[in-house]
file protein35.txt (compact mmCIF, C-alpha atoms)
# COMPACT_ATOMS: atom_id res chain seq x y z
CA MET A 71 -10.22 -13.62 39.44
CA SER A 72 -11.31 -10.77 41.66
CA LEU A 73 -11.82 -7.22 40.43
CA GLU A 74 -12.16 -5.79 43.90
CA PRO A 75 -9.12 -3.85 45.24
CA ASP A 76 -7.09 -5.59 47.91
CA GLU A 77 -7.09 -3.02 50.68
CA SER A 78 -3.92 -4.47 52.17
CA SER A 79 -1.91 -3.75 49.02
CA ALA A 80 -3.86 -0.89 47.41
CA HIS A 81 -1.78 1.69 45.58
CA PRO A 82 -1.80 5.09 47.32
CA ALA A 83 -3.23 6.76 44.19
CA ILE A 84 -6.37 4.62 44.09
CA ARG A 85 -8.52 6.82 46.31
CA SER A 86 -7.68 10.03 44.42
CA LEU A 87 -8.28 8.36 41.06
CA GLU A 88 -11.65 7.03 42.20
CA GLU A 89 -12.68 10.45 43.48
CA ALA A 90 -11.73 12.15 40.21
CA ARG A 91 -13.39 9.75 37.76
CA TRP A 92 -16.88 10.17 36.38
CA SER A 93 -19.79 8.99 38.49
CA VAL A 94 -21.49 5.76 37.44
CA ASP A 95 -24.58 7.77 36.43
CA ARG A 96 -22.56 10.15 34.28
CA ALA A 97 -20.74 7.27 32.61
CA ASN A 98 -23.95 5.43 31.81
CA THR A 99 -25.75 8.55 30.62
CA TRP A 100 -22.87 9.27 28.26
CA TRP A 101 -22.79 5.64 27.06
CA ASP A 102 -26.52 5.54 26.38
CA SER A 103 -26.26 8.70 24.27
CA GLN A 104 -23.77 7.06 21.87
CA PRO A 105 -24.21 4.40 19.21
CA LEU A 106 -22.75 1.18 20.61
CA PRO A 107 -19.07 1.30 19.56
CA VAL A 108 -18.21 -1.45 17.09
CA GLY A 109 -15.00 -1.34 15.12
CA CYS A 110 -11.35 -2.34 15.01
CA ASN A 111 -7.89 -1.46 16.17
CA PHE A 112 -6.43 0.47 13.25
CA ILE A 113 -3.01 1.04 11.77
CA PRO A 114 -2.64 1.58 8.00
CA SER A 115 -1.28 -1.40 6.11
CA THR A 116 1.77 0.66 5.09
CA ALA A 117 2.98 1.13 8.71
CA ILE A 118 4.87 -1.46 10.76
CA ASN A 119 4.28 0.38 14.04
CA GLN A 120 3.10 3.61 15.69
CA LEU A 121 6.25 5.52 14.75
CA GLU A 122 5.97 4.64 11.08
CA MET A 123 2.31 5.64 11.14
CA TRP A 124 2.91 9.08 12.65
CA GLN A 125 6.39 10.32 11.65
CA GLU A 126 6.19 12.93 8.90
CA GLU A 127 8.40 10.99 6.48
CA THR A 128 6.16 7.92 6.48
CA PHE A 129 2.74 9.40 7.33
CA ASP A 130 0.41 7.99 4.67
CA LEU A 131 -2.89 9.85 4.74
CA THR A 132 -3.98 8.44 1.39
CA THR A 133 -3.89 4.89 2.74
CA VAL A 134 -5.50 5.97 6.03
CA GLU A 135 -8.41 7.55 4.15
CA ARG A 136 -8.88 4.56 1.87
CA GLU A 137 -8.76 1.99 4.64
CA LEU A 138 -11.03 3.93 7.01
CA GLY A 139 -13.49 4.03 4.12
CA TRP A 140 -13.33 0.24 3.96
CA ALA A 141 -13.94 0.07 7.71
CA ALA A 142 -17.07 2.19 7.26
CA GLU A 143 -18.26 -0.08 4.45
CA LEU A 144 -18.10 -3.02 6.86
CA GLY A 145 -20.38 -1.10 9.24
CA PHE A 146 -17.77 -0.04 11.79
CA ASN A 147 -18.34 3.22 13.67
CA ALA A 148 -15.17 3.32 15.80
CA VAL A 149 -11.44 2.64 15.55
CA ARG A 150 -8.77 2.43 18.24
CA VAL A 151 -5.50 4.12 17.24
CA TYR A 152 -2.11 4.15 19.00
CA LEU A 153 -0.02 7.31 19.39
CA HIS A 154 3.60 7.55 20.57
CA ASP A 155 5.40 9.96 22.88
CA LEU A 156 8.59 10.05 20.78
CA VAL A 157 6.74 11.62 17.85
CA TRP A 158 5.52 14.35 20.20
CA GLU A 159 9.08 14.94 21.39
CA GLN A 160 10.34 15.12 17.81
CA ASP A 161 7.66 17.37 16.31
CA SER A 162 4.70 18.21 18.55
CA SER A 163 3.01 20.70 16.23
CA GLY A 164 3.36 18.42 13.22
CA PHE A 165 2.11 15.47 15.24
CA LEU A 166 -1.01 17.40 16.29
CA GLN A 167 -1.64 18.34 12.67
CA ARG A 168 -1.34 14.74 11.51
CA ILE A 169 -3.67 13.55 14.28
CA ASP A 170 -6.15 16.21 13.16
CA GLU A 171 -5.93 14.91 9.58
CA VAL A 172 -6.61 11.34 10.67
CA LEU A 173 -9.52 12.45 12.83
CA GLU A 174 -10.94 14.36 9.89
CA ALA A 175 -10.59 11.32 7.63
CA ALA A 176 -12.40 9.28 10.27
CA LYS A 177 -15.15 11.90 10.50
CA ARG A 178 -15.71 11.72 6.73
CA ALA A 179 -16.12 7.96 7.14
CA GLU A 180 -18.54 8.54 10.07
CA ILE A 181 -16.11 6.81 12.42
CA ARG A 182 -15.01 8.05 15.85
CA VAL A 183 -11.57 7.43 17.27
CA ILE A 184 -10.27 5.99 20.53
CA LEU A 185 -6.74 7.32 21.05
CA VAL A 186 -4.16 5.27 22.99
CA LEU A 187 -1.32 7.12 24.72
CA PHE A 188 1.10 4.47 26.10
CA ASP A 189 1.80 0.78 25.50
CA ASP A 190 3.86 -1.93 27.27
CA VAL A 191 3.83 -4.56 24.52
CA TRP A 192 6.53 -5.80 22.07
CA ASN A 193 9.85 -4.02 21.34
CA PRO A 194 10.97 -2.22 24.54
CA GLU A 195 13.42 0.13 22.77
CA PRO A 196 11.51 2.50 20.45
CA LYS A 197 13.67 4.70 18.25
CA LEU A 198 12.78 7.55 15.92
CA GLY A 199 13.77 7.46 12.27
CA PRO A 200 13.43 4.71 9.68
CA GLN A 201 11.82 1.62 11.15
CA PRO A 202 12.99 -1.97 10.48
CA GLU A 203 11.51 -4.04 7.73
CA PRO A 204 9.07 -6.72 8.93
CA PHE A 205 10.54 -10.11 9.77
CA PRO A 206 8.72 -12.32 7.26
CA GLY A 207 5.85 -14.25 8.78
CA ARG A 208 6.18 -12.78 12.29
CA HIS A 209 3.25 -11.19 14.11
CA ASN A 210 3.92 -7.50 14.94
CA SER A 211 7.65 -7.91 14.41
CA GLY A 212 8.24 -4.15 14.55
CA TRP A 213 5.69 -2.90 17.06
CA VAL A 214 7.20 -0.74 19.82
CA GLN A 215 6.44 0.06 23.42
CA GLY A 216 5.88 3.61 24.53
CA PRO A 217 7.65 5.05 26.40
CA GLY A 218 9.64 1.80 26.63
CA LEU A 219 11.12 -0.27 29.42
CA ALA A 220 14.22 1.88 29.97
CA ALA A 221 12.07 4.96 30.61
CA LEU A 222 9.85 3.03 33.03
CA ASN A 223 12.83 1.69 34.97
CA ALA A 224 14.35 5.17 35.28
CA TYR A 225 11.03 6.96 35.83
CA GLU A 226 11.24 7.72 39.54
CA ASP A 227 14.95 8.61 39.58
CA HIS A 228 14.97 10.92 36.57
CA PRO A 229 12.32 13.68 36.86
CA GLU A 230 12.85 14.75 33.27
CA ILE A 231 11.13 11.52 32.16
CA PRO A 232 7.76 12.14 33.86
CA ALA A 233 8.02 15.81 32.89
CA ARG A 234 8.41 14.84 29.23
CA LEU A 235 5.57 12.32 29.34
CA GLU A 236 3.28 14.74 31.16
CA ALA A 237 3.89 17.35 28.45
CA TYR A 238 2.96 14.77 25.80
CA THR A 239 -0.19 13.65 27.62
CA SER A 240 -1.33 17.17 28.44
CA GLY A 241 -0.53 18.45 24.97
CA ILE A 242 -2.40 15.73 23.10
CA ILE A 243 -5.47 15.59 25.32
CA GLY A 244 -5.56 19.34 25.79
CA ARG A 245 -5.68 19.86 22.02
CA PHE A 246 -8.56 17.43 21.47
CA ALA A 247 -10.30 17.58 24.87
CA THR A 248 -13.64 18.75 23.45
CA ASP A 249 -13.31 17.29 19.96
CA PRO A 250 -16.39 15.22 19.03
CA ARG A 251 -14.27 13.14 16.65
CA VAL A 252 -12.54 11.57 19.67
CA LEU A 253 -14.73 8.93 21.28
CA MET A 254 -12.58 8.29 24.37
CA TRP A 255 -9.01 8.18 25.67
CA ASP A 256 -7.35 4.82 26.33
CA VAL A 257 -4.49 6.00 28.49
CA TYR A 258 -2.28 2.88 28.57
CA ASN A 259 -2.41 -0.36 26.59
CA GLU A 260 -1.71 -3.56 28.56
CA PRO A 261 0.35 -1.98 31.36
CA GLY A 262 2.81 -4.48 32.75
CA GLY A 263 2.97 -6.27 29.39
CA TYR A 264 5.61 -8.12 27.40
CA PRO A 265 8.58 -7.05 25.25
CA SER A 266 8.02 -10.20 23.14
CA PRO A 267 6.75 -13.76 23.66
CA GLY A 268 8.89 -15.55 26.22
CA ALA A 269 10.43 -12.36 27.64
CA ASP A 270 9.93 -11.15 31.18
CA PRO A 271 6.96 -8.81 31.61
CA VAL A 272 7.25 -5.13 32.45
CA GLY A 273 5.24 -5.85 35.60
CA GLU A 274 5.03 -3.25 38.34
CA ALA A 275 7.56 -0.97 36.63
CA CYS A 276 4.49 0.52 34.90
CA LEU A 277 2.75 1.61 38.12
CA PRO A 278 4.19 5.13 38.56
CA LEU A 279 3.36 6.10 34.97
CA LEU A 280 -0.03 4.37 35.08
CA ALA A 281 -1.07 6.38 38.13
CA ASP A 282 0.33 9.61 36.70
CA VAL A 283 -1.22 9.35 33.25
CA PHE A 284 -4.73 9.14 34.70
CA THR A 285 -3.99 12.25 36.79
CA TRP A 286 -2.49 14.16 33.86
CA ALA A 287 -5.31 13.14 31.54
CA ARG A 288 -7.95 14.23 34.05
CA ALA A 289 -6.20 17.57 34.54
CA ALA A 290 -6.54 18.28 30.82
CA LYS A 291 -10.34 18.31 31.37
CA PRO A 292 -11.48 16.17 28.44
CA ASN A 293 -15.22 15.86 27.92
CA GLN A 294 -14.57 12.34 26.61
CA PRO A 295 -14.21 9.46 29.10
CA LEU A 296 -10.97 7.78 30.14
CA THR A 297 -10.36 4.04 30.05
CA CYS A 298 -7.54 1.50 30.33
CA GLY A 299 -8.19 -2.06 29.18
CA LEU A 300 -8.01 -4.84 31.74
CA TRP A 301 -6.13 -7.88 30.49
CA TRP A 302 -4.97 -11.21 31.85
CA ASN A 303 -2.30 -13.81 31.16
CA PRO A 304 -3.19 -17.09 32.93
CA LEU A 305 0.34 -18.43 32.41
CA ASN A 306 1.98 -15.44 34.11
CA PRO A 307 -0.58 -13.50 36.18
CA LEU A 308 -0.20 -9.74 36.49
CA PRO A 309 0.31 -8.10 39.86
CA ALA A 310 -3.14 -7.21 41.22
CA SER A 311 -2.01 -3.60 41.72
CA ILE A 312 -2.07 -2.98 37.96
CA GLY A 313 -5.72 -3.90 37.48
CA GLU A 314 -6.69 -2.02 40.63
CA LEU A 315 -5.23 1.21 39.25
CA GLN A 316 -6.82 0.64 35.86
CA LEU A 317 -10.25 0.25 37.41
CA ALA A 318 -9.80 3.16 39.81
CA GLY A 319 -9.11 5.63 37.00
CA SER A 320 -11.50 4.39 34.31
CA ASP A 321 -14.80 6.09 33.53
CA ILE A 322 -15.65 3.31 31.08
CA VAL A 323 -14.37 -0.17 31.97
CA SER A 324 -12.61 -1.76 29.02
CA PHE A 325 -11.01 -5.17 28.72
CA HIS A 326 -9.25 -7.50 26.28
CA HIS A 327 -10.30 -11.04 25.50
CA TYR A 328 -8.96 -13.56 22.99
CA GLY A 329 -10.79 -16.82 23.48
CA PRO A 330 -13.99 -18.80 22.90
CA LEU A 331 -17.47 -17.47 23.51
CA GLU A 332 -18.09 -19.36 26.73
CA ASP A 333 -14.96 -17.83 28.28
CA LEU A 334 -15.98 -14.37 27.11
CA VAL A 335 -19.42 -14.71 28.69
CA GLU A 336 -17.90 -15.91 31.96
CA LEU A 337 -15.46 -13.00 32.00
CA HIS A 338 -18.20 -10.51 31.21
CA ASP A 339 -20.35 -11.82 34.06
CA ARG A 340 -17.46 -11.57 36.53
CA ILE A 341 -16.67 -8.00 35.50
CA ARG A 342 -20.34 -7.07 35.65
CA THR A 343 -20.62 -8.25 39.26
CA SER A 344 -17.93 -5.71 40.22
CA THR A 345 -19.05 -2.64 38.29
CA ASP A 346 -22.15 -0.93 36.94
CA ARG A 347 -20.09 1.11 34.50
CA PRO A 348 -20.37 0.67 30.72
CA LEU A 349 -18.18 -2.07 29.26
CA LEU A 350 -16.03 -2.05 26.13
CA CYS A 351 -13.99 -4.97 24.81
CA SER A 352 -11.18 -3.02 23.16
CA GLU A 353 -9.38 -6.09 21.79
CA TYR A 354 -10.72 -9.40 20.51
CA LEU A 355 -10.68 -11.55 17.32
CA ALA A 356 -8.23 -14.42 17.17
CA ARG A 357 -9.79 -16.92 14.82
CA SER A 358 -7.56 -19.86 15.70
CA MET A 359 -8.41 -19.29 19.38
CA LYS A 360 -12.17 -19.41 18.66
CA SER A 361 -12.59 -15.65 18.96
CA ARG A 362 -14.67 -14.72 15.92
CA PHE A 363 -17.14 -12.12 14.71
CA GLU A 364 -19.94 -14.61 14.12
CA THR A 365 -19.87 -15.91 17.69
CA HIS A 366 -18.83 -12.85 19.65
CA LEU A 367 -20.62 -9.87 18.10
CA PRO A 368 -24.12 -11.15 18.97
CA ALA A 369 -22.97 -11.72 22.56
CA PHE A 370 -21.52 -8.22 22.80
CA ARG A 371 -24.67 -6.68 21.34
CA GLU A 372 -26.96 -8.63 23.66
CA ARG A 373 -25.03 -7.29 26.67
CA SER A 374 -24.56 -3.73 25.33
CA VAL A 375 -20.79 -4.19 25.33
CA GLY A 376 -18.76 -2.21 22.81
CA ALA A 377 -16.56 -4.36 20.56
CA ILE A 378 -13.23 -3.36 18.99
CA SER A 379 -11.52 -6.22 17.13
CA TRP A 380 -7.82 -6.39 16.30
CA GLY A 381 -6.77 -5.30 12.84
CA LEU A 382 -8.32 -4.25 9.58
CA VAL A 383 -6.02 -4.57 6.55
CA SER A 384 -3.19 -7.08 6.32
CA GLY A 385 0.08 -5.21 5.98
CA ARG A 386 3.44 -4.44 7.54
CA SER A 387 2.27 -5.28 11.06
CA GLN A 388 1.67 -8.88 9.86
CA THR A 389 -0.99 -9.64 12.43
CA ILE A 390 -2.54 -12.28 10.19
CA TYR A 391 0.14 -14.49 11.80
CA PRO A 392 -0.39 -15.73 15.38
CA TRP A 393 1.49 -14.53 18.44
CA TRP A 394 3.51 -17.76 18.54
CA SER A 395 5.00 -17.02 15.11
CA TRP A 396 7.71 -15.25 17.15
CA PHE A 397 9.10 -18.69 17.97
CA ASP A 398 9.41 -19.69 14.29
CA LYS A 399 13.02 -19.43 13.16
CA LYS A 400 12.07 -19.52 9.49
CA PRO A 401 9.38 -17.45 7.76
CA SER A 402 6.01 -19.18 7.62
CA PRO A 403 3.62 -19.10 4.67
CA GLU A 404 0.38 -17.16 4.95
CA PRO A 405 -1.78 -19.08 7.43
CA GLU A 406 -4.85 -20.83 6.10
CA VAL A 407 -6.83 -19.15 8.88
CA TRP A 408 -5.77 -15.59 9.62
CA PHE A 409 -5.18 -14.75 13.28
CA HIS A 410 -6.29 -11.06 13.09
CA ASP A 411 -7.22 -8.63 10.28
CA ILE A 412 -10.10 -8.70 7.84
CA LEU A 413 -9.06 -7.38 4.43
CA ARG A 414 -6.18 -7.77 2.00
CA PRO A 415 -4.27 -4.65 0.86
CA ASP A 416 -6.52 -4.37 -2.21
CA GLY A 417 -9.63 -4.32 -0.02
CA SER A 418 -10.75 -7.86 -0.81
CA PRO A 419 -11.78 -9.94 2.22
CA PHE A 420 -9.85 -12.80 3.77
CA ASP A 421 -13.22 -14.52 4.21
CA PRO A 422 -16.13 -13.22 2.08
CA ASP A 423 -18.68 -14.99 4.28
CA GLU A 424 -17.27 -13.25 7.34
CA THR A 425 -17.43 -9.77 5.83
CA GLN A 426 -20.95 -10.45 4.58
CA PHE A 427 -21.92 -11.39 8.13
CA LEU A 428 -20.36 -8.17 9.43
CA ARG A 429 -22.20 -5.96 6.96
CA THR A 430 -25.53 -7.67 7.51
CA PHE A 431 -25.29 -7.91 11.29
CA LEU A 432 -24.11 -4.35 11.80
CA GLU A 433 -26.64 -2.92 9.36
CA THR A 434 -29.58 -4.68 11.01
CA THR A 435 -28.50 -3.91 14.58
CA ALA A 436 -27.09 -0.38 14.22
CA ASP A 437 -29.89 1.21 16.23
CA ASP A 438 -30.59 -1.74 18.54
CA ARG A 439 -29.11 -1.24 22.00
call {"tool": "encode", "arguments": {"input": "protein35.txt", "output": "structure tokens"}}
result
Amino acid sequence: MSLEPDESSAHPAIRSLEEARWSVDRANTWWDSQPLPVGCNFIPSTAINQLEMWQEETFDLTTVERELGWAAELGFNAVRVYLHDLVWEQDSSGFLQRIDEVLEAAKRAEIRVILVLFDDVWNPEPKLGPQPEPFPGRHNSGWVQGPGLAALNAYEDHPEIPARLEAYTSGIIGRFATDPRVLMWDVYNEPGGYPSPGADPVGEACLPLLADVFTWARAAKPNQPLTCGLWWNPLNPLPASIGELQLAGSDIVSFHHYGPLEDLVELHDRIRTSTDRPLLCSEYLARSMKSRFETHLPAFRERSVGAISWGLVSGRSQTIYPWWSWFDKKPSPEPEVWFHDILRPDGSPFDPDETQFLRTFLETTADDR
């Protein structure tokens, strides 16, 4: 795997994105001034997806506050949280107010927030209103893409689509551009990703939006860095153009990794040979794939890599089940080994030894960079 742009196929936006991003020195100075980010991807256990989290009718601040408090008790200092453009379109002022309330709850828990703007994974047809009930035993059965595959396919032929998405991006980042509660902006989760296991990927349909969102985000003048997590699927490799754009626009280089420690170390070393920028793993933890806290957190800490695991409290997203639960025609029982997540809805741990490790490790290494 090469992280260097292929000059023969480079996207025309690469040069402008590289010129606009933070310098390596600025990125590292900022990184060194922060506690090393350690935390989890967060959605309250009462929400099946981003829409259910943020729509007024199902916004559940009480659960958000309680569960962010549990994250703080584990020693986490950061969470990664997904937004959605349809909620902005429906009720922009209310959406901003609810984001502010979540950021304030995070501040009380001494946690900073990474906000994610777009996403190419799972259901390609997001719809406002009541969300479906979870399919029993299925990982992320109701998660939705944003803006969705139809919008991406029509993006260049229908100017109202980029206009709408620019207003969302500019409005959200502009409102919180100097807010210390926001750690960074993750502009696009897994661009080119998958509607569901076995489906065709979004692929290069994401490229126009991916290039634009970096430009729009930069124009909003945030004092927080921008990032966009690199990710790989060995069974169906992504077009190189996607990763090239991600790298060109990122102040902080983030990546996803679900696999054993030796693979993580190899990946880290390959990324490090291509960039001197700070590194953040914004998704990991898949116990049945040998991605675990006990093995991976010491490796992240040793290399000064931020670490954001997937999931906190088992709930309507059902990410205790593995990705391949999508192929099960009948509901499966709770797995003996959870795939993601850490706590049950009452706050008790899936694995008490694991949570004890987290508390001890994070307490003893909080100030050790």
call {"tool": "atom_distance", "arguments": {"input": "protein35.txt", "atom1": "CA of His327 in chain A", "atom2": "CA of Val108 in chain A"}}
result
15.0 Å
call {"tool": "atom_distance", "arguments": {"input": "protein35.txt", "atom1": "CA of Glu404 in chain A", "atom2": "CA of His209 in chain A"}}
result
11.3 Å
call {"tool": "residues_near_point", "arguments": {"input": "protein35.txt", "point": "(8.0, 3.6, 30.6)", "cutoff": "9 Å", "atoms": "all atoms listed in the file", "output": "PDB file with C-alpha atoms, in the frame of the given file"}}
result
ATOM      1  CA  PHE A 188       1.100   4.470  26.100  1.00  0.00           C
ATOM      2  CA  ASP A 189       1.800   0.780  25.500  1.00  0.00           C
ATOM      3  CA  ASP A 190       3.860  -1.930  27.270  1.00  0.00           C
ATOM      4  CA  PRO A 194      10.970  -2.220  24.540  1.00  0.00           C
ATOM      5  CA  GLN A 215       6.440   0.060  23.420  1.00  0.00           C
ATOM      6  CA  GLY A 216       5.880   3.610  24.530  1.00  0.00           C
ATOM      7  CA  PRO A 217       7.650   5.050  26.400  1.00  0.00           C
ATOM      8  CA  GLY A 218       9.640   1.800  26.630  1.00  0.00           C
ATOM      9  CA  LEU A 219      11.120  -0.270  29.420  1.00  0.00           C
ATOM     10  CA  ALA A 220      14.220   1.880  29.970  1.00  0.00           C
ATOM     11  CA  ALA A 221      12.070   4.960  30.610  1.00  0.00           C
ATOM     12  CA  LEU A 222       9.850   3.030  33.030  1.00  0.00           C
ATOM     13  CA  ASN A 223      12.830   1.690  34.970  1.00  0.00           C
ATOM     14  CA  ALA A 224      14.350   5.170  35.280  1.00  0.00           C
ATOM     15  CA  TYR A 225      11.030   6.960  35.830  1.00  0.00           C
ATOM     16  CA  ILE A 231      11.130  11.520  32.160  1.00  0.00           C
ATOM     17  CA  VAL A 272       7.250  -5.130  32.450  1.00  0.00           C
ATOM     18  CA  ALA A 275       7.560  -0.970  36.630  1.00  0.00           C
ATOM     19  CA  CYS A 276       4.490   0.520  34.900  1.00  0.00           C
ATOM     20  CA  PRO A 278       4.190   5.130  38.560  1.00  0.00           C
ATOM     21  CA  LEU A 279       3.360   6.100  34.970  1.00  0.00           C
TER      22      LEU A 279
END
call {"tool": "closest_atom_pairs", "arguments": {"input": "protein35.txt", "of": "range 246-324 of chain A", "to": "range 162-175 of chain A", "cutoff": "9 Å", "atoms": "all atoms listed in the file", "output": "JSON lines"}}
result
{"residue": "A:Phe246", "atom": "CA", "partner": "A:Asp170", "partner_atom": "CA", "distance": 8.7}
{"residue": "A:Arg251", "atom": "CA", "partner": "A:Leu173", "partner_atom": "CA", "distance": 6.1}
{"residue": "A:Val252", "atom": "CA", "partner": "A:Leu173", "partner_atom": "CA", "distance": 7.5}
call {"tool": "residues_around", "arguments": {"input": "protein35.txt", "residues": "Ala281 in chain A", "least_positions_apart": "6", "cutoff": "12 Å", "atoms": "all atoms listed in the file", "output": "list of chain:residue names"}}
result
A:His81, A:Pro82, A:Ala83, A:Ile84, A:Arg85, A:Ser86, A:Leu87, A:Glu88, A:Pro232, A:Glu236, A:Val257, A:Tyr258, A:Pro261, A:Glu274, A:Ala275, A:Ala287, A:Arg288, A:Cys298, A:Ser311, A:Ile312, A:Gly313, A:Glu314, A:Leu315, A:Gln316, A:Leu317, A:Ala318, A:Gly319, A:Ser320
call {"tool": "atom_distance", "arguments": {"input": "protein35.txt", "atom1": "CA of Phe427 in chain A", "atom2": "CA of Pro368 in chain A"}}
result
11.1 Å
call {"tool": "closest_residue", "arguments": {"input": "protein35.txt", "among": "A:Ala141, A:Ser211, A:Asn111, A:Pro206", "to": "Leu185 in chain A", "atoms": "all atoms listed in the file"}}
result
A:Asn111
call {"tool": "closest_residue", "arguments": {"input": "protein35.txt", "among": "A:Pro292, A:Gly417, A:Gly207, A:Gly376", "to": "Pro405 in chain A", "atoms": "only C-alpha atoms"}}
result
A:Gly207
call {"tool": "closest_residue", "arguments": {"input": "protein35.txt", "among": "A:Gly262, A:Pro309, A:Pro330, A:Pro304", "to": "Ala80 in chain A", "atoms": "only C-alpha atoms"}}
result
A:Pro309
call {"tool": "closest_residue", "arguments": {"input": "protein35.txt", "among": "A:Gln120, A:Asn303, A:Ser115, A:Ser93", "to": "Arg136 in chain A", "atoms": "only C-alpha atoms"}}
result
A:Ser115
call {"tool": "residues_around", "arguments": {"input": "protein35.txt", "residues": "Ile181 in chain A", "least_positions_apart": "4", "cutoff": "8 Å", "atoms": "all atoms listed in the file", "output": "ChimeraX atom specification"}}
result
/A:138,142,146-149,176-177,251
call {"tool": "residues_around", "arguments": {"input": "protein35.txt", "residues": "Tyr354 in chain A", "least_positions_apart": "6", "cutoff": "10 Å", "atoms": "only C-alpha atoms", "output": "ChimeraX atom specification"}}
result
/A:110-111,325-329,334,361-363,366,377-381,410
call {"tool": "closest_residue", "arguments": {"input": "protein35.txt", "among": "A:Ala237, A:Ala247, A:Val157, A:Met254", "to": "Val186 in chain A", "atoms": "only C-alpha atoms"}}
result
A:Met254
call {"tool": "closest_residue", "arguments": {"input": "protein35.txt", "among": "A:Ser387, A:Thr434, A:Asn210, A:Asn98", "to": "Asp346 in chain A", "atoms": "only C-alpha atoms"}}
result
A:Asn98
call {"tool": "residues_near_point", "arguments": {"input": "protein35.txt", "point": "(-20.7, 4.1, 35.3)", "cutoff": "7 Å", "atoms": "only C-alpha atoms", "output": "ChimeraX atom specification"}}
result
/A:93-98,321-322,346-348
call {"tool": "write_last_selection", "arguments": {"input": "protein35.txt", "atoms": "C-alpha atoms", "output": "mmCIF file, in the coordinates of the input"}}
result
data_model
loop_
_atom_site.group_PDB
_atom_site.id
_atom_site.type_symbol
_atom_site.label_atom_id
_atom_site.label_comp_id
_atom_site.auth_asym_id
_atom_site.auth_seq_id
_atom_site.Cartn_x
_atom_site.Cartn_y
_atom_site.Cartn_z
ATOM 1 C CA SER A 93 -19.790 8.990 38.490
ATOM 2 C CA VAL A 94 -21.490 5.760 37.440
ATOM 3 C CA ASP A 95 -24.580 7.770 36.430
ATOM 4 C CA ARG A 96 -22.560 10.150 34.280
ATOM 5 C CA ALA A 97 -20.740 7.270 32.610
ATOM 6 C CA ASN A 98 -23.950 5.430 31.810
ATOM 7 C CA ASP A 321 -14.800 6.090 33.530
ATOM 8 C CA ILE A 322 -15.650 3.310 31.080
ATOM 9 C CA ASP A 346 -22.150 -0.930 36.940
ATOM 10 C CA ARG A 347 -20.090 1.110 34.500
ATOM 11 C CA PRO A 348 -20.370 0.670 30.720
#
call {"tool": "residues_around", "arguments": {"input": "protein35.txt", "residues": "Ser395 in chain A", "least_positions_apart": "3", "cutoff": "9 Å", "atoms": "all atoms listed in the file", "output": "ChimeraX atom specification"}}
result
/A:207-209,391-392,398-399,401-402
call {"tool": "build_atoms", "arguments": {"input": "protein35.txt", "residues": "range 226-237 of chain A", "atoms": "N, CA and C atoms", "output": "CSV table (one decimal), keeping the file's coordinate frame"}}
result
chain,number,residue,atom,x,y,z
A,226,GLU,N,11.3,7.1,38.2
A,226,GLU,CA,11.2,7.7,39.5
A,226,GLU,C,12.6,8.4,39.9
A,227,ASP,N,13.6,8.0,39.3
A,227,ASP,CA,15.0,8.6,39.6
A,227,ASP,C,15.4,9.7,38.6
A,228,HIS,N,14.6,9.9,37.6
A,228,HIS,CA,15.0,10.9,36.6
A,228,HIS,C,13.7,11.8,36.3
A,229,PRO,N,13.6,12.9,37.0
A,229,PRO,CA,12.3,13.7,36.9
A,229,PRO,C,12.1,14.2,35.5
A,230,GLU,N,13.1,14.3,34.6
A,230,GLU,CA,12.8,14.8,33.3
A,230,GLU,C,12.0,13.8,32.5
A,231,ILE,N,12.0,12.5,32.9
A,231,ILE,CA,11.1,11.5,32.2
A,231,ILE,C,9.7,11.8,32.4
A,232,PRO,N,9.2,11.8,33.7
A,232,PRO,CA,7.8,12.1,33.9
A,232,PRO,C,7.4,13.5,33.3
A,233,ALA,N,8.3,14.5,33.4
A,233,ALA,CA,8.0,15.8,32.9
A,233,ALA,C,7.8,15.7,31.4
A,234,ARG,N,8.6,15.0,30.7
A,234,ARG,CA,8.4,14.8,29.2
A,234,ARG,C,7.1,14.1,28.9
A,235,LEU,N,6.8,13.1,29.6
A,235,LEU,CA,5.6,12.3,29.3
A,235,LEU,C,4.3,13.1,29.8
A,236,GLU,N,4.4,13.9,30.8
A,236,GLU,CA,3.3,14.7,31.2
A,236,GLU,C,3.0,15.8,30.1
A,237,ALA,N,4.1,16.4,29.5
A,237,ALA,CA,3.9,17.4,28.4
A,237,ALA,C,3.2,16.7,27.2
